[in-house]
file final_17.cif (mmCIF, C-alpha atoms and all ligand atoms)
data_target
#
loop_
_atom_site.label_atom_id
_atom_site.label_comp_id
_atom_site.auth_asym_id
_atom_site.auth_seq_id
_atom_site.Cartn_x
_atom_site.Cartn_y
_atom_site.Cartn_z
CA MET A 1 71.93 -63.33 45.75
CA LYS A 2 69.84 -60.54 47.22
CA LEU A 3 66.80 -59.47 45.23
CA ALA A 4 64.19 -56.78 45.80
CA ILE A 5 60.95 -56.77 43.85
CA THR A 6 58.78 -53.76 43.21
CA GLY A 7 56.33 -52.25 40.73
CA LYS A 8 52.85 -50.74 40.50
CA GLY A 9 50.03 -52.28 42.56
CA GLY A 10 48.67 -55.58 41.29
CA VAL A 11 51.24 -56.17 38.52
CA GLY A 12 52.48 -59.46 39.98
CA LYS A 13 55.27 -58.61 42.42
CA THR A 14 54.21 -61.22 44.96
CA THR A 15 53.72 -63.83 42.25
CA LEU A 16 57.27 -63.24 40.99
CA ALA A 17 58.71 -63.15 44.54
CA ALA A 18 57.00 -66.46 45.38
CA GLY A 19 58.03 -68.06 42.06
CA LEU A 20 61.66 -67.03 42.51
CA ALA A 21 61.70 -68.23 46.13
CA LEU A 22 60.27 -71.60 45.08
CA SER A 23 62.56 -72.07 42.13
CA PHE A 24 65.68 -71.31 44.20
CA SER A 25 64.52 -73.59 47.03
CA GLN A 26 63.66 -76.40 44.59
CA GLU A 27 67.29 -76.49 43.53
CA GLY A 28 68.39 -76.82 47.14
CA LYS A 29 69.28 -73.22 47.91
CA LYS A 30 68.53 -71.70 51.29
CA VAL A 31 65.96 -68.98 50.79
CA ILE A 32 64.70 -66.21 53.03
CA ALA A 33 61.63 -64.43 51.70
CA ILE A 34 60.56 -61.16 53.27
CA ASP A 35 57.13 -59.70 52.86
CA ALA A 36 57.61 -55.95 53.17
CA ASP A 37 54.13 -55.09 51.95
CA PRO A 38 51.82 -54.17 54.84
CA ASP A 39 48.96 -55.74 52.87
CA SER A 40 50.88 -58.95 52.91
CA ASN A 41 49.95 -62.06 50.96
CA LEU A 42 53.30 -63.67 50.21
CA ALA A 43 52.69 -66.38 52.81
CA ALA A 44 49.43 -67.42 51.15
CA THR A 45 50.97 -67.25 47.67
CA LEU A 46 53.77 -69.54 48.86
CA GLY A 47 51.19 -71.97 50.25
CA PHE A 48 52.08 -71.51 53.93
CA PRO A 49 49.50 -73.15 56.19
CA GLU A 50 47.39 -70.66 58.17
CA PRO A 51 49.10 -67.58 56.73
CA GLU A 52 46.84 -65.22 58.69
CA LYS A 53 48.34 -66.51 61.93
CA ILE A 54 51.90 -65.45 61.15
CA VAL A 55 52.82 -62.54 63.42
CA PRO A 56 54.55 -59.64 61.66
CA LEU A 57 57.85 -58.43 63.13
CA VAL A 58 56.56 -54.92 63.93
CA GLU A 59 53.94 -56.45 66.19
CA MET A 60 56.57 -58.13 68.36
CA LYS A 61 56.53 -55.18 70.73
CA GLU A 62 58.41 -56.74 73.63
CA LEU A 63 61.13 -58.00 71.37
CA ILE A 64 61.54 -54.57 69.74
CA ALA A 65 61.62 -52.92 73.18
CA GLU A 66 64.19 -55.43 74.41
CA ARG A 67 66.46 -54.93 71.38
CA THR A 68 66.16 -51.20 70.80
CA GLY A 69 65.76 -50.14 74.41
CA VAL A 70 62.49 -48.31 73.69
CA GLU A 71 58.87 -49.45 73.48
CA PRO A 72 57.44 -49.12 69.95
CA GLY A 73 55.13 -46.13 69.74
CA THR A 74 57.12 -44.13 72.32
CA VAL A 75 57.64 -40.53 71.33
CA GLY A 76 61.14 -39.21 71.83
CA GLY A 77 63.78 -41.03 73.83
CA TYR A 78 66.95 -42.62 72.60
CA PHE A 79 66.89 -46.01 70.99
CA LYS A 80 69.60 -48.18 69.57
CA LEU A 81 70.01 -47.59 65.85
CA ASN A 82 71.85 -50.87 65.43
CA PRO A 83 70.04 -53.33 67.66
CA LYS A 84 71.17 -56.94 67.84
CA VAL A 85 69.12 -58.88 65.28
CA ASP A 86 71.33 -61.71 64.04
CA ASP A 87 69.19 -64.35 65.78
CA ILE A 88 65.86 -62.95 64.53
CA PRO A 89 65.57 -64.52 61.04
CA ASP A 90 66.11 -68.05 62.31
CA LYS A 91 64.08 -67.68 65.50
CA PHE A 92 61.13 -65.74 64.18
CA SER A 93 60.65 -66.88 60.59
CA LYS A 94 58.16 -69.54 59.54
CA GLU A 95 59.43 -72.25 57.23
CA HIS A 96 57.61 -74.10 54.44
CA GLN A 97 59.02 -75.96 51.41
CA GLY A 98 62.54 -74.91 52.36
CA ILE A 99 61.66 -71.21 52.42
CA LYS A 100 61.99 -69.12 55.56
CA LEU A 101 59.46 -66.33 55.60
CA LEU A 102 59.53 -63.08 57.56
CA LEU A 103 56.64 -60.62 57.62
CA MET A 104 57.60 -57.04 58.30
CA GLY A 105 54.11 -55.68 58.95
CA ARG A 106 52.77 -52.16 59.04
CA VAL A 107 54.68 -49.44 60.84
CA LYS A 108 51.79 -47.38 62.15
CA LYS A 109 53.26 -44.04 63.11
CA GLY A 110 54.82 -42.16 60.21
CA GLY A 111 55.01 -45.19 57.93
CA SER A 112 58.13 -46.95 56.76
CA GLY A 113 60.14 -43.71 56.63
CA CYS A 114 59.68 -42.77 60.29
CA PHE A 115 62.50 -42.44 62.74
CA CYS A 116 61.23 -44.84 65.38
CA PRO A 117 62.32 -48.03 67.17
CA GLU A 118 60.28 -50.36 64.95
CA ASN A 119 61.93 -49.00 61.81
CA ALA A 120 65.40 -49.18 63.33
CA PHE A 121 64.62 -52.82 64.15
CA LEU A 122 63.35 -53.67 60.64
CA LYS A 123 66.21 -51.84 58.93
CA ALA A 124 68.73 -53.67 61.08
CA ILE A 125 67.17 -57.01 60.07
CA LEU A 126 67.25 -56.13 56.39
CA SER A 127 70.80 -54.97 56.51
CA TYR A 128 71.85 -58.09 58.44
CA LEU A 129 70.15 -60.28 55.79
CA PHE A 130 71.60 -58.34 52.86
CA PHE A 131 75.17 -58.20 54.10
CA SER A 132 75.79 -61.02 56.54
CA ARG A 133 73.91 -64.03 55.21
CA GLU A 134 74.74 -66.44 52.43
CA ASP A 135 71.06 -67.29 51.86
CA ILE A 136 69.17 -66.14 48.80
CA VAL A 137 67.13 -63.19 50.06
CA ILE A 138 63.98 -62.09 48.26
CA LEU A 139 62.20 -58.93 49.32
CA ASP A 140 58.61 -58.40 48.17
CA MET A 141 57.91 -54.68 48.40
CA GLU A 142 55.11 -52.23 47.86
CA ALA A 143 55.03 -50.00 44.80
CA GLY A 144 58.14 -48.17 45.90
CA ILE A 145 61.54 -48.69 47.39
CA GLU A 146 61.09 -46.99 50.77
CA HIS A 147 62.37 -50.05 52.55
CA LEU A 148 65.73 -49.75 50.89
CA GLY A 149 67.73 -47.16 52.74
CA ARG A 150 71.15 -46.03 51.56
CA GLY A 151 72.67 -48.77 53.67
CA THR A 152 70.68 -51.70 52.33
CA ALA A 153 70.63 -50.52 48.72
CA GLU A 154 74.31 -51.36 48.28
CA GLY A 155 73.57 -54.97 49.12
CA VAL A 156 70.99 -55.39 46.35
CA ASP A 157 72.15 -57.62 43.51
CA GLY A 158 69.01 -56.94 41.56
CA LEU A 159 66.08 -54.58 41.90
CA ILE A 160 63.38 -56.15 39.78
CA VAL A 161 60.57 -53.91 38.61
CA VAL A 162 57.50 -55.82 37.46
CA VAL A 163 55.26 -54.30 34.78
CA GLU A 164 52.21 -55.44 32.87
CA PRO A 165 51.39 -54.32 29.34
CA SER A 166 50.07 -50.94 30.44
CA MET A 167 51.52 -47.46 30.17
CA ARG A 168 50.75 -46.73 33.82
CA SER A 169 52.79 -49.62 35.12
CA LEU A 170 55.67 -48.56 32.87
CA GLU A 171 55.46 -44.99 34.18
CA THR A 172 55.73 -46.37 37.72
CA ALA A 173 58.73 -48.41 36.58
CA PHE A 174 60.54 -45.29 35.36
CA ARG A 175 59.76 -43.46 38.60
CA ILE A 176 61.22 -46.35 40.56
CA LYS A 177 64.27 -46.43 38.31
CA SER A 178 65.05 -42.82 39.06
CA LEU A 179 64.64 -43.39 42.82
CA ALA A 180 66.96 -46.38 42.48
CA LYS A 181 69.52 -44.17 40.75
CA ASP A 182 69.42 -41.76 43.70
CA LEU A 183 70.16 -44.69 46.00
CA LYS A 184 72.95 -45.81 43.65
CA ILE A 185 71.33 -49.16 42.93
CA GLU A 186 72.94 -50.08 39.63
CA ARG A 187 71.29 -53.33 38.72
CA VAL A 188 67.69 -52.51 37.95
CA PHE A 189 65.82 -55.04 35.84
CA LEU A 190 62.39 -55.30 34.30
CA VAL A 191 60.04 -58.28 34.12
CA GLY A 192 56.94 -58.09 31.93
CA ASN A 193 54.05 -60.00 33.47
CA LYS A 194 50.52 -60.90 32.32
CA VAL A 195 51.39 -60.72 28.63
CA HIS A 196 48.67 -62.09 26.33
CA SER A 197 50.44 -61.83 22.97
CA ASP A 198 53.60 -60.94 21.06
CA GLU A 199 52.11 -57.47 20.66
CA ASP A 200 52.09 -57.10 24.45
CA ILE A 201 55.77 -58.08 24.54
CA ASP A 202 56.56 -55.56 21.78
CA PHE A 203 54.61 -52.89 23.65
CA ILE A 204 56.70 -53.41 26.79
CA ARG A 205 59.96 -53.54 24.83
CA LYS A 206 59.17 -50.35 22.92
CA ASN A 207 58.18 -48.43 26.03
CA SER A 208 60.91 -49.48 28.41
CA SER A 209 63.83 -47.79 26.57
CA ASP A 210 67.10 -48.65 28.30
CA PHE A 211 65.66 -50.96 30.97
CA GLU A 212 67.34 -54.35 31.01
CA ILE A 213 64.55 -56.90 30.51
CA LEU A 214 64.94 -60.22 32.34
CA GLY A 215 61.98 -61.88 30.69
CA PHE A 216 58.23 -62.16 30.33
CA ILE A 217 55.53 -64.17 32.06
CA TRP A 218 52.41 -65.07 30.12
CA TYR A 219 48.95 -64.34 31.40
CA ASN A 220 47.76 -67.55 33.02
CA ASN A 221 44.08 -67.82 33.84
CA LYS A 222 44.67 -70.76 36.16
CA LEU A 223 46.61 -68.55 38.54
CA ILE A 224 44.33 -67.70 41.40
CA ASP A 225 46.13 -67.45 44.70
CA LYS A 226 49.00 -69.87 44.66
CA VAL A 227 51.66 -69.93 41.96
CA THR A 228 51.20 -72.75 39.49
CA ASN A 229 53.93 -75.03 38.16
CA SER A 230 53.74 -73.50 34.70
CA ILE A 231 54.36 -70.02 36.16
CA ILE A 232 57.27 -71.42 38.18
CA ALA A 233 58.74 -72.86 34.97
CA GLU A 234 58.63 -69.41 33.34
CA ILE A 235 60.08 -67.79 36.45
CA LYS A 236 62.92 -70.36 36.45
CA GLU A 237 64.10 -68.86 33.16
CA ILE A 238 64.10 -65.43 34.77
CA LYS A 239 66.12 -66.84 37.67
CA GLU A 240 68.65 -68.38 35.23
CA GLY A 241 69.02 -64.98 33.58
CA LEU A 242 69.76 -63.39 36.94
CA ILE A 243 72.38 -66.02 37.75
CA ARG A 244 74.02 -65.54 34.33
CA ARG A 245 74.21 -61.79 34.83
CA GLN A 246 75.60 -62.22 38.34
CA ASP A 247 78.30 -64.62 37.05
CA GLU A 248 79.25 -62.20 34.28
CA ARG A 249 79.53 -59.39 36.78
CA GLU A 250 81.73 -61.45 39.07
CA ARG A 251 83.99 -62.36 36.16
CA GLU A 252 84.32 -58.66 35.29
CA VAL A 253 85.20 -57.78 38.88
CA HIS A 254 87.97 -60.38 38.90
CA ARG A 255 89.38 -59.39 35.54
N1 LIG B 301 50.91 -64.10 34.89
C1 LIG B 301 49.72 -63.95 35.48
N2 LIG B 301 48.59 -64.40 34.89
C2 LIG B 301 47.39 -64.25 35.49
N3 LIG B 301 47.19 -63.66 36.67
C3 LIG B 301 48.27 -63.17 37.30
C4 LIG B 301 49.60 -63.29 36.75
N4 LIG B 301 50.46 -62.75 37.64
C5 LIG B 301 49.73 -62.32 38.68
N5 LIG B 301 48.42 -62.57 38.49
C6 LIG B 301 47.30 -62.26 39.39
O1 LIG B 301 47.21 -60.86 39.55
C7 LIG B 301 46.87 -60.54 40.89
C8 LIG B 301 47.95 -59.66 41.47
O2 LIG B 301 49.16 -60.42 41.56
P1 LIG B 301 50.18 -60.20 42.73
O3 LIG B 301 49.49 -60.28 44.05
O4 LIG B 301 51.33 -61.08 42.49
O5 LIG B 301 50.56 -58.70 42.43
P2 LIG B 301 51.24 -57.64 43.37
O6 LIG B 301 51.96 -56.71 42.46
O7 LIG B 301 52.02 -58.31 44.43
O8 LIG B 301 49.98 -56.93 44.00
P3 LIG B 301 49.94 -55.92 45.24
O9 LIG B 301 50.36 -54.60 44.68
O10 LIG B 301 48.51 -55.96 45.66
O11 LIG B 301 50.88 -56.46 46.27
C9 LIG B 301 46.72 -61.86 41.65
O12 LIG B 301 45.38 -62.22 41.66
C10 LIG B 301 47.52 -62.83 40.79
O13 LIG B 301 47.05 -64.15 40.91
MG MG B 302 51.98 -58.13 46.52
#
call {"tool": "encode", "arguments": {"input": "final_17.cif", "output": "structure tokens", "more": "lines below"}}
Ligand SMILES: Nc1ncnc2c1ncn2[C@@H]1O[C@H](COP(=O)(O)OP(=O)(O)OP(=O)(O)O)[C@@H](O)[C@H]1O
Ligand SMILES: [Mg+2]
result
Amino acid sequence: MKLAITGKGGVGKTTLAAGLALSFSQEGKKVIAIDADPDSNLAATLGFPEPEKIVPLVEMKELIAERTGVEPGTVGGYFKLNPKVDDIPDKFSKEHQGIKLLLMGRVKKGGSGCFCPENAFLKAILSYLFFSREDIVILDMEAGIEHLGRGTAEGVDGLIVVVEPSMRSLETAFRIKSLAKDLKIERVFLVGNKVHSDEDIDFIRKNSSDFEILGFIWYNNKLIDKVTNSIIAEIKEIKEGLIRRQDEREREVHR
């Protein structure tokens, strides 16, 4: 299963990404988690030791030059659009509690949309992970879906938009949904996080119209940096919902 998580800043994307990664790995699944947010904190949330020492992929300049044929930061010149990357996830990820973690890092020039060797390299890794690996892949993104190009989007089994009980986070969710439609991502789901009451749940339900809601996570004041067991238990239910939907879809395809 290949999942991408997005939503407005601070709503709980990384918390959900970490909780899903942990709940899949706790049941023995192989998990690859990718932090695609330049302000990354997925490693810390997953409890990786010395998270600040993990080197992001975009900073592996020699490797990018070797694979794409061009030094990152070079202007002009031809570089390989499909560099060899099938050894990268195993060689360059860090592993903790059965989860392999890759940090994408910040593409300096032109951002994540730029036509440059570092983006070709990152895109190739994502598309390799989405199409050629059996592992569960979980992508923690910024408040957008820039990392999903037309190629990768087809491989997404679920784009999960996280909201909190606020109109602004729901507005972001609808913006993302329309971008997802342009990319032909069909399975877009919503998770309501930081709910304090049944009224909060009603608020999200009423203001999310035709969004398919996977579930809710209660506000938990014990959650500081790492995900707690009680949050993981709530996220397990969300994971079960995803698996159920995936099974139903597969049954429909085979009918
Ligand atoms: N259910 C919850 N209850 C209480 N606090 C929460 C909950 N979910 C997330 N938080 C807290 O909210 C803050 C933001 O969460 P998180 O980092 O997961 O969000 P994010 O969407 O990834 O943020 P960013 O946009 O900065 O990447 C963190 O301090 C986190 O501990
Ligand atoms: Mg985050």
call {"tool": "closest_atom_pairs", "arguments": {"input": "final_17.cif", "of": "chain A", "to": "ligand MG 302 (chain B)", "cutoff": "10 Å", "atoms": "all atoms listed in the file", "output": "Markdown table"}}
result
| residue | atom | partner | partner_atom | distance |
| --- | --- | --- | --- | --- |
| A:Ile5 | CA | B:MG302 | MG | 9.5 |
| A:Thr6 | CA | B:MG302 | MG | 8.7 |
| A:Gly7 | CA | B:MG302 | MG | 9.3 |
| A:Lys8 | CA | B:MG302 | MG | 9.6 |
| A:Gly9 | CA | B:MG302 | MG | 7.3 |
| A:Gly10 | CA | B:MG302 | MG | 6.7 |
| A:Val11 | CA | B:MG302 | MG | 8.3 |
| A:Gly12 | CA | B:MG302 | MG | 6.7 |
| A:Lys13 | CA | B:MG302 | MG | 5.3 |
| A:Thr14 | CA | B:MG302 | MG | 4.1 |
| A:Thr15 | CA | B:MG302 | MG | 7.3 |
| A:Leu16 | CA | B:MG302 | MG | 9.2 |
| A:Ala17 | CA | B:MG302 | MG | 8.6 |
| A:Ala18 | CA | B:MG302 | MG | 9.8 |
| A:Asp35 | CA | B:MG302 | MG | 8.3 |
| A:Ala36 | CA | B:MG302 | MG | 9.0 |
| A:Asp37 | CA | B:MG302 | MG | 6.6 |
| A:Pro38 | CA | B:MG302 | MG | 9.2 |
| A:Asp39 | CA | B:MG302 | MG | 7.4 |
| A:Ser40 | CA | B:MG302 | MG | 6.5 |
| A:Asn41 | CA | B:MG302 | MG | 6.3 |
| A:Leu42 | CA | B:MG302 | MG | 6.8 |
| A:Thr45 | CA | B:MG302 | MG | 9.2 |
| A:Asp140 | CA | B:MG302 | MG | 6.8 |
| A:Met141 | CA | B:MG302 | MG | 7.1 |
| A:Glu142 | CA | B:MG302 | MG | 6.8 |
| A:Ala143 | CA | B:MG302 | MG | 8.9 |
call {"tool": "write_last_selection", "arguments": {"input": "final_17.cif", "atoms": "C-alpha atoms", "output": "tab-separated table (two decimals), keeping the file's coordinate frame"}}
result
chain	number	residue	atom	x	y	z
A	5	ILE	CA	60.95	-56.77	43.85
A	6	THR	CA	58.78	-53.76	43.21
A	7	GLY	CA	56.33	-52.25	40.73
A	8	LYS	CA	52.85	-50.74	40.50
A	9	GLY	CA	50.03	-52.28	42.56
A	10	GLY	CA	48.67	-55.58	41.29
A	11	VAL	CA	51.24	-56.17	38.52
A	12	GLY	CA	52.48	-59.46	39.98
A	13	LYS	CA	55.27	-58.61	42.42
A	14	THR	CA	54.21	-61.22	44.96
A	15	THR	CA	53.72	-63.83	42.25
A	16	LEU	CA	57.27	-63.24	40.99
A	17	ALA	CA	58.71	-63.15	44.54
A	18	ALA	CA	57.00	-66.46	45.38
A	35	ASP	CA	57.13	-59.70	52.86
A	36	ALA	CA	57.61	-55.95	53.17
A	37	ASP	CA	54.13	-55.09	51.95
A	38	PRO	CA	51.82	-54.17	54.84
A	39	ASP	CA	48.96	-55.74	52.87
A	40	SER	CA	50.88	-58.95	52.91
A	41	ASN	CA	49.95	-62.06	50.96
A	42	LEU	CA	53.30	-63.67	50.21
A	45	THR	CA	50.97	-67.25	47.67
A	140	ASP	CA	58.61	-58.40	48.17
A	141	MET	CA	57.91	-54.68	48.40
A	142	GLU	CA	55.11	-52.23	47.86
A	143	ALA	CA	55.03	-50.00	44.80
call {"tool": "atom_distance", "arguments": {"input": "final_17.cif", "atom1": "CA of Leu129 in chain A", "atom2": "CA of Gly47 in chain A"}}
result
23.0 Å
call {"tool": "atom_distance", "arguments": {"input": "final_17.cif", "atom1": "CA of Leu122 in chain A", "atom2": "CA of Leu102 in chain A"}}
result
10.6 Å
call {"tool": "closest_residue", "arguments": {"input": "final_17.cif", "among": "A:Ile34, A:Ser166, A:Thr228, A:Thr172", "to": "Asp202 in chain A", "atoms": "all atoms listed in the file"}}
result
A:Ser166
call {"tool": "closest_residue", "arguments": {"input": "final_17.cif", "among": "A:Ile32, A:Ile125, A:Val191, A:Leu22", "to": "ligand LIG 301 (chain B)", "atoms": "all atoms listed in the file"}}
result
A:Val191
call {"tool": "atom_distance", "arguments": {"input": "final_17.cif", "atom1": "CA of Glu240 in chain A", "atom2": "CA of Glu199 in chain A"}}
result
24.6 Å
call {"tool": "axis_aligned_box", "arguments": {"input": "final_17.cif", "around": "ligand LIG 301 (chain B)", "padding_each_side": "4 Å", "output": "lines of an AutoDock Vina configuration file"}}
result
center_x = 48.7
center_y = -59.5
center_z = 40.6
size_x = 14.6
size_y = 17.8
size_z = 19.4
